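Peer 1: Got a structure for you, questions after.
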Amino acid sequence: MRIELVNVPAAELSNTLNNAHAAGDPSGAPCLAQSDNRQGGMLLAQGVIADIGEYLEPHADRFAAGAIDALSIADVVYGVPNQRQPIFTMFHAPTFEERDLAYPTSWEEAIEVGERLGEDGIHIFNLAGEDPSTWMNMAWQAGARWYAIEGDAWRIDFTDEASRTASEIMQRLLDEDLVERISYAEYPAMMQEYDNGRIAMRQLSTWQLSGHQSNADQTLGEWEPAPNLTLGGQSAPLSAADTAGLFVPALCEEQEAAVEAAVWLATEAEPVTAMADPAEGAGWYPAVADPEPFLDALVPNELFGEYAAETVPVVQESDDYAEGWIYGPNSRAMYEELADQWGKAMNGEITVESILDHMQEWTVNDLRQQGVNVVE
């Protein structure tokens, strides 16, 4: 079997698949598409991608616990997982050592530490005005489930206690000017602030490590990895971030063969090693049952210096996920609206908490306009 790779920008993928599906010509449609669960829920609801549970089930033991569930809605499996995102932190060790400060282990402690660092003109963290994912994932980690299936309807709940807890933390970080506010579109400027020691902490996953190392100079070897922060009184940290995988478009006439190819790409040592490679590949944390053989290769040793040996244990400890999060039929439009509201909150035009009430009303109305059955 030969697989032809066609690169499509991530922002254009769903439209490309939708257009191919609307054309109705199997010869013009791919049989595999790489994306994540944020796109998957929407594409499944639109009928663009197939339920592949029947074909993936015989291979289920090759994948990490929870990975297939992360690409499922109810009893429908729509993706072959090939990337998970264990979330952890890293701290600029000299910034804390010089002030005799311990690393925070919770977001609440990060606020306290940030207040102390702020006295010296140092921010604890960076937030981008165009990207609400840190806040969304914080709510997810705390227990929020904005979309859920209830019978034959979608239950929408943006206003639960977990979401409000995450909003309160974000509001304090913004109100007290504890965070830098550099757009990810200005990546070199952001990295310069890290490298100058003016941002003390970064929350990230393995795919971001090589970029940090290649853009660091003054602080190489001075970053120490640590577990993700907890919030809301959690006893242990959890990772909350999207899972990526290979989808099979509904027009594909060889769906079983496509799944077989996807399983090979997602689980065999050669392709997994290539994806995990932080320099030549993508630094992806594999969604395989036993990721340990690939972990050493994920660590950029220059970045962590004397702390490099701590990295794999921290990543392994972070391989514990907040489960049960799904995206609904309008996930792309929802996220675009969320990003617009987040930008306003970052600019001080509205509060973070007010976004929740807005998104509750907006999402329910948007789904009902599409004829989707919704309960609140």
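In the structure tokens, chains take the letters A, B, ... in the order shown, each chain's residues start at 1, and ligands count up from 1 in the order shown.
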Excluding same-chain residues fewer than 4 positions from Ser205 of chain A, what lies within 8 Å of it counting only C-alpha atoms, as a list in words?
Peer 2: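 The residues satisfying every condition are Gln85, Pro86, Ile87, Phe88 and Leu209 of chain A.
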Peer 1: Give me, as a ChimeraX atom specification, the residues of segment 69-218 of chain A that a backbone DSSP run labels strand (DSSP E or B).
Peer 2: /A:72-73,76-77,80-84,88-92,106,123,125-126,147-150,153-156,179-180,199,201-204
Peer 1: If you run DSSP on the backbone, which residues of segment 20-145 of chain A are alpha helix (DSSP H), as a PyMOL selection string?
Peer 2: chain A and resi 20-23+37-45+53-56+67-70+93-97+107-118+133-142
Peer 1: Skipping near chain neighbours, those fewer than 6 positions away, what residues fall within 6 Å of Phe91 of chain A using only C-alpha atoms, listed as an MDAnalysis selection string?
Peer 2: chainID A and resid 200:201 223:224
Peer 1: I'd like the contact shell of segment 31-47 of chain A - 9 Å cut-off, only C-alpha atoms, skipping same-chain residues fewer than 5 positions apart - returned as number ranges by chain.
Peer 2: A: 10, 13-14, 17-18, 21, 26, 70-73, 78-79, 81, 83, 242-255, 258-259, 261-262, 326-332, 335
Peer 1: Hey, what's within 10 Å of Ala289 of chain A if we count only C-alpha atoms and toss same-chain stuff fewer than 6 positions away? As a count of residues only, please?
Peer 2: 8
Peer 1: Under the rule that only C-alpha atoms are counted, which of A:Ala226, A:Ala142, A:Ala189, A:Ala287 is the nearest residue to Glu323 of chain A?
Peer 2: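 Using only C-alpha atoms, the shortest distance to Glu323 of chain A belongs to A:Ala142.
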Peer 1: Under the rule that only C-alpha atoms are counted, which of A:Tyr321, A:Tyr194, A:Trp154, A:Trp107 is the nearest residue to Val364 of chain A?
Peer 2: A:Trp154
Peer 1: Report, in Å to a single decimal, how far apart atom CA of Asp357 of chain A and atom CA of Arg164 of chain A are.
Peer 2: 10.3 Å
Peer 1: For Ser214 of chain A, which residue among A:Glu302, A:Arg181, A:Gln234, A:Glu176 is the nearest when counting only C-alpha atoms?
Peer 2: A:Glu302
Peer 1: If we count only C-alpha atoms, what is near Ile111 of chain A at a cut-off of 8 Å, once residues fewer than 2 positions away on the same chain are taken out, given as a PDB file with all heavy atoms, in the first residue's frame?
Peer 2:
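Ended up saving to around03.pdb:
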```
ATOM      1  N   TRP A 107      -2.538  26.947  40.532  1.00  0.00           N
ATOM      2  CA  TRP A 107      -2.743  28.269  39.951  1.00  0.00           C
ATOM      3  C   TRP A 107      -2.944  29.315  41.038  1.00  0.00           C
ATOM      4  O   TRP A 107      -2.553  30.474  40.878  1.00  0.00           O
ATOM      5  CB  TRP A 107      -3.925  28.243  38.990  1.00  0.00           C
ATOM      6  CG  TRP A 107      -3.589  27.685  37.648  1.00  0.00           C
ATOM      7  CD1 TRP A 107      -3.903  26.454  37.159  1.00  0.00           C
ATOM      8  CD2 TRP A 107      -2.835  28.333  36.616  1.00  0.00           C
ATOM      9  NE1 TRP A 107      -3.402  26.300  35.887  1.00  0.00           N
ATOM     10  CE2 TRP A 107      -2.743  27.436  35.522  1.00  0.00           C
ATOM     11  CE3 TRP A 107      -2.227  29.591  36.516  1.00  0.00           C
ATOM     12  CZ2 TRP A 107      -2.082  27.760  34.338  1.00  0.00           C
ATOM     13  CZ3 TRP A 107      -1.562  29.920  35.328  1.00  0.00           C
ATOM     14  CH2 TRP A 107      -1.496  29.014  34.265  1.00  0.00           C
ATOM     15  N   GLU A 108      -3.549  28.903  42.134  1.00  0.00           N
ATOM     16  CA  GLU A 108      -3.713  29.848  43.245  1.00  0.00           C
ATOM     17  C   GLU A 108      -2.354  30.276  43.793  1.00  0.00           C
ATOM     18  O   GLU A 108      -2.123  31.464  44.068  1.00  0.00           O
ATOM     19  CB  GLU A 108      -4.560  29.198  44.346  1.00  0.00           C
ATOM     20  CG  GLU A 108      -6.032  28.990  43.975  1.00  0.00           C
ATOM     21  CD  GLU A 108      -6.294  27.708  43.178  1.00  0.00           C
ATOM     22  OE1 GLU A 108      -5.335  26.991  42.847  1.00  0.00           O
ATOM     23  OE2 GLU A 108      -7.472  27.430  42.882  1.00  0.00           O
ATOM     24  N   GLU A 109      -1.420  29.321  43.921  1.00  0.00           N
ATOM     25  CA  GLU A 109      -0.070  29.667  44.362  1.00  0.00           C
ATOM     26  C   GLU A 109       0.659  30.495  43.304  1.00  0.00           C
ATOM     27  O   GLU A 109       1.465  31.378  43.643  1.00  0.00           O
ATOM     28  CB  GLU A 109       0.732  28.398  44.659  1.00  0.00           C
ATOM     29  CG  GLU A 109       0.295  27.660  45.902  1.00  0.00           C
ATOM     30  CD  GLU A 109       1.087  26.375  46.127  1.00  0.00           C
ATOM     31  OE1 GLU A 109       2.045  26.116  45.355  1.00  0.00           O
ATOM     32  OE2 GLU A 109       0.766  25.632  47.065  1.00  0.00           O
ATOM     33  N   VAL A 113       2.875  33.826  43.919  1.00  0.00           N
ATOM     34  CA  VAL A 113       4.260  33.955  43.458  1.00  0.00           C
ATOM     35  C   VAL A 113       4.363  35.079  42.427  1.00  0.00           C
ATOM     36  O   VAL A 113       5.324  35.858  42.420  1.00  0.00           O
ATOM     37  CB  VAL A 113       4.765  32.625  42.870  1.00  0.00           C
ATOM     38  CG1 VAL A 113       6.135  32.803  42.218  1.00  0.00           C
ATOM     39  CG2 VAL A 113       4.833  31.563  43.958  1.00  0.00           C
ATOM     40  N   GLY A 114       3.356  35.180  41.573  1.00  0.00           N
ATOM     41  CA  GLY A 114       3.362  36.227  40.560  1.00  0.00           C
ATOM     42  C   GLY A 114       3.343  37.612  41.165  1.00  0.00           C
ATOM     43  O   GLY A 114       3.965  38.546  40.622  1.00  0.00           O
ATOM     44  N   GLU A 115       2.659  37.770  42.275  1.00  0.00           N
ATOM     45  CA  GLU A 115       2.641  39.068  42.951  1.00  0.00           C
ATOM     46  C   GLU A 115       4.037  39.444  43.434  1.00  0.00           C
ATOM     47  O   GLU A 115       4.452  40.602  43.331  1.00  0.00           O
ATOM     48  CB  GLU A 115       1.650  39.028  44.118  1.00  0.00           C
ATOM     49  CG  GLU A 115       0.194  38.941  43.667  1.00  0.00           C
ATOM     50  CD  GLU A 115      -0.770  38.653  44.804  1.00  0.00           C
ATOM     51  OE1 GLU A 115      -0.302  38.192  45.879  1.00  0.00           O
ATOM     52  OE2 GLU A 115      -1.967  38.879  44.625  1.00  0.00           O
ATOM     53  N   ARG A 172      -7.921  37.363  37.954  1.00  0.00           N
ATOM     54  CA  ARG A 172      -6.905  37.875  38.882  1.00  0.00           C
ATOM     55  C   ARG A 172      -5.555  38.042  38.194  1.00  0.00           C
ATOM     56  O   ARG A 172      -4.853  39.035  38.401  1.00  0.00           O
ATOM     57  CB  ARG A 172      -6.769  36.955  40.093  1.00  0.00           C
ATOM     58  CG  ARG A 172      -7.922  37.046  41.084  1.00  0.00           C
ATOM     59  CD  ARG A 172      -7.550  36.400  42.407  1.00  0.00           C
ATOM     60  NE  ARG A 172      -6.422  37.070  43.058  1.00  0.00           N
ATOM     61  CZ  ARG A 172      -5.836  36.634  44.181  1.00  0.00           C
ATOM     62  NH1 ARG A 172      -6.271  35.502  44.737  1.00  0.00           N
ATOM     63  NH2 ARG A 172      -4.835  37.293  44.730  1.00  0.00           N
ATOM     64  N   LEU A 173      -5.196  37.074  37.355  1.00  0.00           N
ATOM     65  CA  LEU A 173      -3.939  37.193  36.625  1.00  0.00           C
ATOM     66  C   LEU A 173      -3.930  38.438  35.750  1.00  0.00           C
ATOM     67  O   LEU A 173      -2.906  39.134  35.651  1.00  0.00           O
ATOM     68  CB  LEU A 173      -3.725  35.949  35.758  1.00  0.00           C
ATOM     69  CG  LEU A 173      -3.408  34.639  36.487  1.00  0.00           C
ATOM     70  CD1 LEU A 173      -3.511  33.461  35.528  1.00  0.00           C
ATOM     71  CD2 LEU A 173      -2.016  34.676  37.117  1.00  0.00           C
ATOM     72  N   LEU A 178      -0.226  40.201  36.279  1.00  0.00           N
ATOM     73  CA  LEU A 178       0.757  39.176  36.617  1.00  0.00           C
ATOM     74  C   LEU A 178       1.254  38.434  35.379  1.00  0.00           C
ATOM     75  O   LEU A 178       2.230  37.679  35.473  1.00  0.00           O
ATOM     76  CB  LEU A 178       0.142  38.167  37.597  1.00  0.00           C
ATOM     77  CG  LEU A 178      -0.436  38.759  38.886  1.00  0.00           C
ATOM     78  CD1 LEU A 178      -0.990  37.647  39.775  1.00  0.00           C
ATOM     79  CD2 LEU A 178       0.620  39.561  39.634  1.00  0.00           C
TER      80      LEU A 178
END
```
Peer 1: What is the distance between atom CA of Gly129 of chain A and atom CA of Ile182 of chain A, in Å to one decimal?
Peer 2: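 Interatomic distance, atom CA of Gly129 of chain A to atom CA of Ile182 of chain A: 7.6 Å.
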Peer 1: Excluding Asp160 of chain A and any residue of its chain fewer than 5 positions from it, enumerate the residues within 9 Å of it, using only C-alpha atoms, and give them as number ranges by chain.
Peer 2: A: 143-146, 165, 356
Peer 1: Would you mind reading off the distance between atom CA of Gln370 of chain A and atom CA of Gly53 of chain A, one decimal, in Å?
Peer 2: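 Separation of atom CA of Gln370 of chain A and atom CA of Gly53 of chain A: 26.8 Å.
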Peer 1: For Leu127 of chain A, which residue among A:Phe294, A:Gly343, A:Ile68, A:Val314 is the nearest when counting only C-alpha atoms?
Peer 2: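 Ranking A:Phe294, A:Gly343, A:Ile68, A:Val314 by distance to Leu127 of chain A, first place goes to A:Gly343.
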